[in-house]
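Each remark here refers to the structure printed beneath this line.
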Amino acid sequence: MAADGWTWTVDEPEGWVLVPTADAVPPELLEVWEREITEVVRVSFDEGPVQTTDAETIEALDALRERMAVESVANLRAFAEGVVDAGALVAATFRVPDSAPVPVLVTVGVEPLGDPGDHLMTALGATGGNPVAPPKIEHVDLPDGDGMRVTRLDLDPETGGAWVSVCLGRRTEHADAVVDTVLQWRSQDVLQGPAMTELLDELLPVVSIVRSTS
């Protein structure tokens, strides 16, 4: 991906996969990816204990797992296609227990040198939020820049349901610009929060950014 004279890529850690988009992958390769990932997801659903030996029930469970796997991959693909025009990528992790692949939005932005950080704070969700439960902001020591983690809990104004989000950012200063990397995860499954906090820490270092133009 490119961002204002910079090029960035994501190396997949173990247990992660980058979700391809139609503009980046030929149709035949996209079909192969979908088949392979669907099978990986379906097998992951098979890892739970079997509670029955009834053949008809087992067949129904297999069909359910297949349908869930197909829907999970379709949702990942739709998410990736929906954000690619904004210059974002979607990485998904298979390492959250008892869950379908969990997507994370990956973006990179370039700001002028001396930027006060407002863009990064906004992207991480550090502003606004519920006054009763304001965003939790943590500064993170990183070997290649200044890091910030923002965890917040929001209520859906229409349903009243809770949404939890964990965002991790990295700001790296260069001679003429600052480059921000932002990882965003958001879900109504609040129990996934601790696991995703650790997994975002794992994903951030493999987002590599280099200057692509002079």
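Following the order of the structure tokens, chains are lettered A, B, ..., residues in each are numbered from 1, and ligands are numbered from 1.
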
Next item on the list: Compile the contact shell of stretch 187-199 of chain A as a ChimeraX atom specification: residues with an atom at most 8 Å away, counting only C-alpha atoms, same-chain residues fewer than 2 positions apart removed.
Entry: /A:96,161-166,185,201-203

Emit the selected residues as a JSON list (two decimals), in the first residue's frame, including C-alpha atoms.
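Result written to selection_10.json:
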```json
[["chain", "number", "residue", "atom", "x", "y", "z"],
["A", 96, "VAL", "CA", -8.66, -15.82, 19.60],
["A", 161, "GLY", "CA", -25.46, -2.54, 23.27],
["A", 162, "ALA", "CA", -21.83, -2.18, 24.33],
["A", 163, "TRP", "CA", -18.94, -1.89, 21.87],
["A", 164, "VAL", "CA", -15.36, -2.36, 23.00],
["A", 165, "SER", "CA", -12.40, -1.16, 20.97],
["A", 166, "VAL", "CA", -8.65, -1.47, 21.30],
["A", 185, "TRP", "CA", -10.14, -3.54, 16.55],
["A", 201, "ASP", "CA", 1.15, -5.76, 20.26],
["A", 202, "GLU", "CA", 2.26, -8.69, 18.10],
["A", 203, "LEU", "CA", 0.96, -7.26, 14.83]]
```

Next item on the list: Identify, on the basis of only C-alpha atoms, every residue whose closest approach to A:Arg35 does not exceed 12 Å; exclude the query and any residue fewer than 5 positions from it along the same chain; express the result as a PyMOL selection string.
Entry: chain A and resi 28-30+40-42+66+69-70+73-74

Margin query: Using DSSP assignments from the backbone, pull out every residue in stretch 4-214 of chain A that falls under strand (DSSP E or B) and give it to me as number ranges by chain.
Written below: A: 6-10, 16-18, 89-93, 102-112, 136-142, 145-155, 162-173, 177-187, 207-211

Keeping C-alpha atoms, export the residues of the selection given above as a PDB file, in the first residue's frame.
```pdb
ATOM      1  CA  TRP A   6       5.648   6.086   1.496  1.00  0.00           C
ATOM      2  CA  THR A   7       5.023   2.401   0.882  1.00  0.00           C
ATOM      3  CA  TRP A   8       3.954  -0.006   3.593  1.00  0.00           C
ATOM      4  CA  THR A   9       3.465  -3.730   3.855  1.00  0.00           C
ATOM      5  CA  VAL A  10       2.381  -6.193   6.525  1.00  0.00           C
ATOM      6  CA  TRP A  16      -2.634 -14.108  11.111  1.00  0.00           C
ATOM      7  CA  VAL A  17      -3.678 -13.642   7.504  1.00  0.00           C
ATOM      8  CA  LEU A  18      -3.978 -10.591   5.266  1.00  0.00           C
ATOM      9  CA  LEU A  89      -5.771  -3.181   4.877  1.00  0.00           C
ATOM     10  CA  VAL A  90      -7.500  -5.869   6.923  1.00  0.00           C
ATOM     11  CA  ALA A  91      -5.528  -8.466   8.857  1.00  0.00           C
ATOM     12  CA  ALA A  92      -7.364 -11.285  10.605  1.00  0.00           C
ATOM     13  CA  THR A  93      -6.185 -13.429  13.471  1.00  0.00           C
ATOM     14  CA  VAL A 102     -11.093 -11.629  14.103  1.00  0.00           C
ATOM     15  CA  PRO A 103     -10.413  -8.688  11.749  1.00  0.00           C
ATOM     16  CA  VAL A 104      -8.147  -5.729  12.515  1.00  0.00           C
ATOM     17  CA  LEU A 105      -7.974  -2.559  10.430  1.00  0.00           C
ATOM     18  CA  VAL A 106      -4.446  -1.429   9.515  1.00  0.00           C
ATOM     19  CA  THR A 107      -3.796   2.134   8.293  1.00  0.00           C
ATOM     20  CA  VAL A 108      -0.761   4.353   7.771  1.00  0.00           C
ATOM     21  CA  GLY A 109      -0.825   8.141   7.605  1.00  0.00           C
ATOM     22  CA  VAL A 110       1.823  10.772   6.930  1.00  0.00           C
ATOM     23  CA  GLU A 111       1.726  14.165   8.673  1.00  0.00           C
ATOM     24  CA  PRO A 112       4.015  17.231   8.494  1.00  0.00           C
ATOM     25  CA  LYS A 136      -8.164   4.619  28.632  1.00  0.00           C
ATOM     26  CA  ILE A 137      -4.948   6.017  27.176  1.00  0.00           C
ATOM     27  CA  GLU A 138      -1.624   4.256  27.683  1.00  0.00           C
ATOM     28  CA  HIS A 139       1.783   5.280  26.380  1.00  0.00           C
ATOM     29  CA  VAL A 140       3.793   2.337  25.077  1.00  0.00           C
ATOM     30  CA  ASP A 141       7.572   2.085  24.802  1.00  0.00           C
ATOM     31  CA  LEU A 142       8.524   0.976  21.292  1.00  0.00           C
ATOM     32  CA  GLY A 145       8.808   5.165  17.641  1.00  0.00           C
ATOM     33  CA  ASP A 146       6.359   6.508  20.181  1.00  0.00           C
ATOM     34  CA  GLY A 147       3.450   4.181  20.931  1.00  0.00           C
ATOM     35  CA  MET A 148      -0.021   4.746  22.301  1.00  0.00           C
ATOM     36  CA  ARG A 149      -2.824   2.320  23.150  1.00  0.00           C
ATOM     37  CA  VAL A 150      -6.430   3.442  23.542  1.00  0.00           C
ATOM     38  CA  THR A 151      -9.114   1.194  25.000  1.00  0.00           C
ATOM     39  CA  ARG A 152     -12.690   2.416  25.130  1.00  0.00           C
ATOM     40  CA  LEU A 153     -16.205   1.212  25.765  1.00  0.00           C
ATOM     41  CA  ASP A 154     -19.092   2.813  23.893  1.00  0.00           C
ATOM     42  CA  LEU A 155     -22.846   2.290  23.924  1.00  0.00           C
ATOM     43  CA  ALA A 162     -21.828  -2.182  24.329  1.00  0.00           C
ATOM     44  CA  TRP A 163     -18.937  -1.887  21.869  1.00  0.00           C
ATOM     45  CA  VAL A 164     -15.363  -2.359  22.999  1.00  0.00           C
ATOM     46  CA  SER A 165     -12.396  -1.156  20.974  1.00  0.00           C
ATOM     47  CA  VAL A 166      -8.645  -1.475  21.304  1.00  0.00           C
ATOM     48  CA  CYS A 167      -6.455   0.712  19.098  1.00  0.00           C
ATOM     49  CA  LEU A 168      -2.673   0.718  18.984  1.00  0.00           C
ATOM     50  CA  GLY A 169      -0.654   3.439  17.308  1.00  0.00           C
ATOM     51  CA  ARG A 170       2.980   4.146  16.482  1.00  0.00           C
ATOM     52  CA  ARG A 171       4.407   7.516  15.505  1.00  0.00           C
ATOM     53  CA  THR A 172       7.839   7.531  13.842  1.00  0.00           C
ATOM     54  CA  GLU A 173       9.629  10.804  13.187  1.00  0.00           C
ATOM     55  CA  ALA A 177       7.528  14.041   8.220  1.00  0.00           C
ATOM     56  CA  VAL A 178       5.977  11.898  10.907  1.00  0.00           C
ATOM     57  CA  VAL A 179       4.469   8.549   9.940  1.00  0.00           C
ATOM     58  CA  ASP A 180       1.609   7.089  11.968  1.00  0.00           C
ATOM     59  CA  THR A 181       0.660   3.414  12.026  1.00  0.00           C
ATOM     60  CA  VAL A 182      -2.765   2.612  13.480  1.00  0.00           C
ATOM     61  CA  LEU A 183      -4.288  -0.772  14.303  1.00  0.00           C
ATOM     62  CA  GLN A 184      -7.993  -0.760  15.121  1.00  0.00           C
ATOM     63  CA  TRP A 185     -10.142  -3.540  16.555  1.00  0.00           C
ATOM     64  CA  ARG A 186     -13.785  -3.089  17.529  1.00  0.00           C
ATOM     65  CA  SER A 187     -16.382  -5.637  18.589  1.00  0.00           C
ATOM     66  CA  VAL A 207       3.951  -3.281   9.635  1.00  0.00           C
ATOM     67  CA  SER A 208       6.971  -2.095   7.623  1.00  0.00           C
ATOM     68  CA  ILE A 209       7.091   1.415   6.137  1.00  0.00           C
ATOM     69  CA  VAL A 210       9.665   2.759   3.655  1.00  0.00           C
ATOM     70  CA  ARG A 211       9.934   5.874   1.541  1.00  0.00           C
TER      71      ARG A 211
END
```

Notebook entry, point to check: Per DSSP on the backbone, what are the helix (DSSP H, G or I) residues of chain A, as a PyMOL selection string?
Noted result: chain A and resi 27-45+55-86+118-124+190-206

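Here atom CA of A:Ala88 is placed at a distance of 11.0 Å from atom CA of A:Val19.
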
Check: So which one's closest to A:Arg67, A:Glu39, A:Gly87, A:Gly125, A:Leu204? Using only C-alpha atoms, please.
Finding: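 Checking each candidate against A:Arg67, we get A:Glu39 as the closest.
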
Checklist line | Selected residue of minimal separation from A:Thr21 among A:Ala3, A:Leu64, A:Asp98, A:Ala80, counting only C-alpha atoms | finding: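 Of all the options, A:Ala80 lies closest to A:Thr21.
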
Notebook entry, point to check: Looking at A:Ala123, A:Ala100, A:Val32, A:Val84, which one is nearest to A:Arg65, with distances taken over only C-alpha atoms?
Noted result: A:Ala100

Item checked: Residue among A:Asp54, A:Thr38, A:Leu200, A:Glu59 lying closest to A:Asn75, counting only C-alpha atoms ->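 Closest candidate: A:Thr38.
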
Check: Hey, which of A:Pro20, A:Ala63, A:Ala133, A:Phe45 ends up closest to A:Pro101? Count only C-alpha atoms.
Finding: A:Phe45

Checklist line | Best match for closeness to A:Glu71 among A:Ile37, A:Gly114, A:Arg95, A:Val206, counting only C-alpha atoms | finding: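 So, comparing all the options, the nearest one is A:Ile37.
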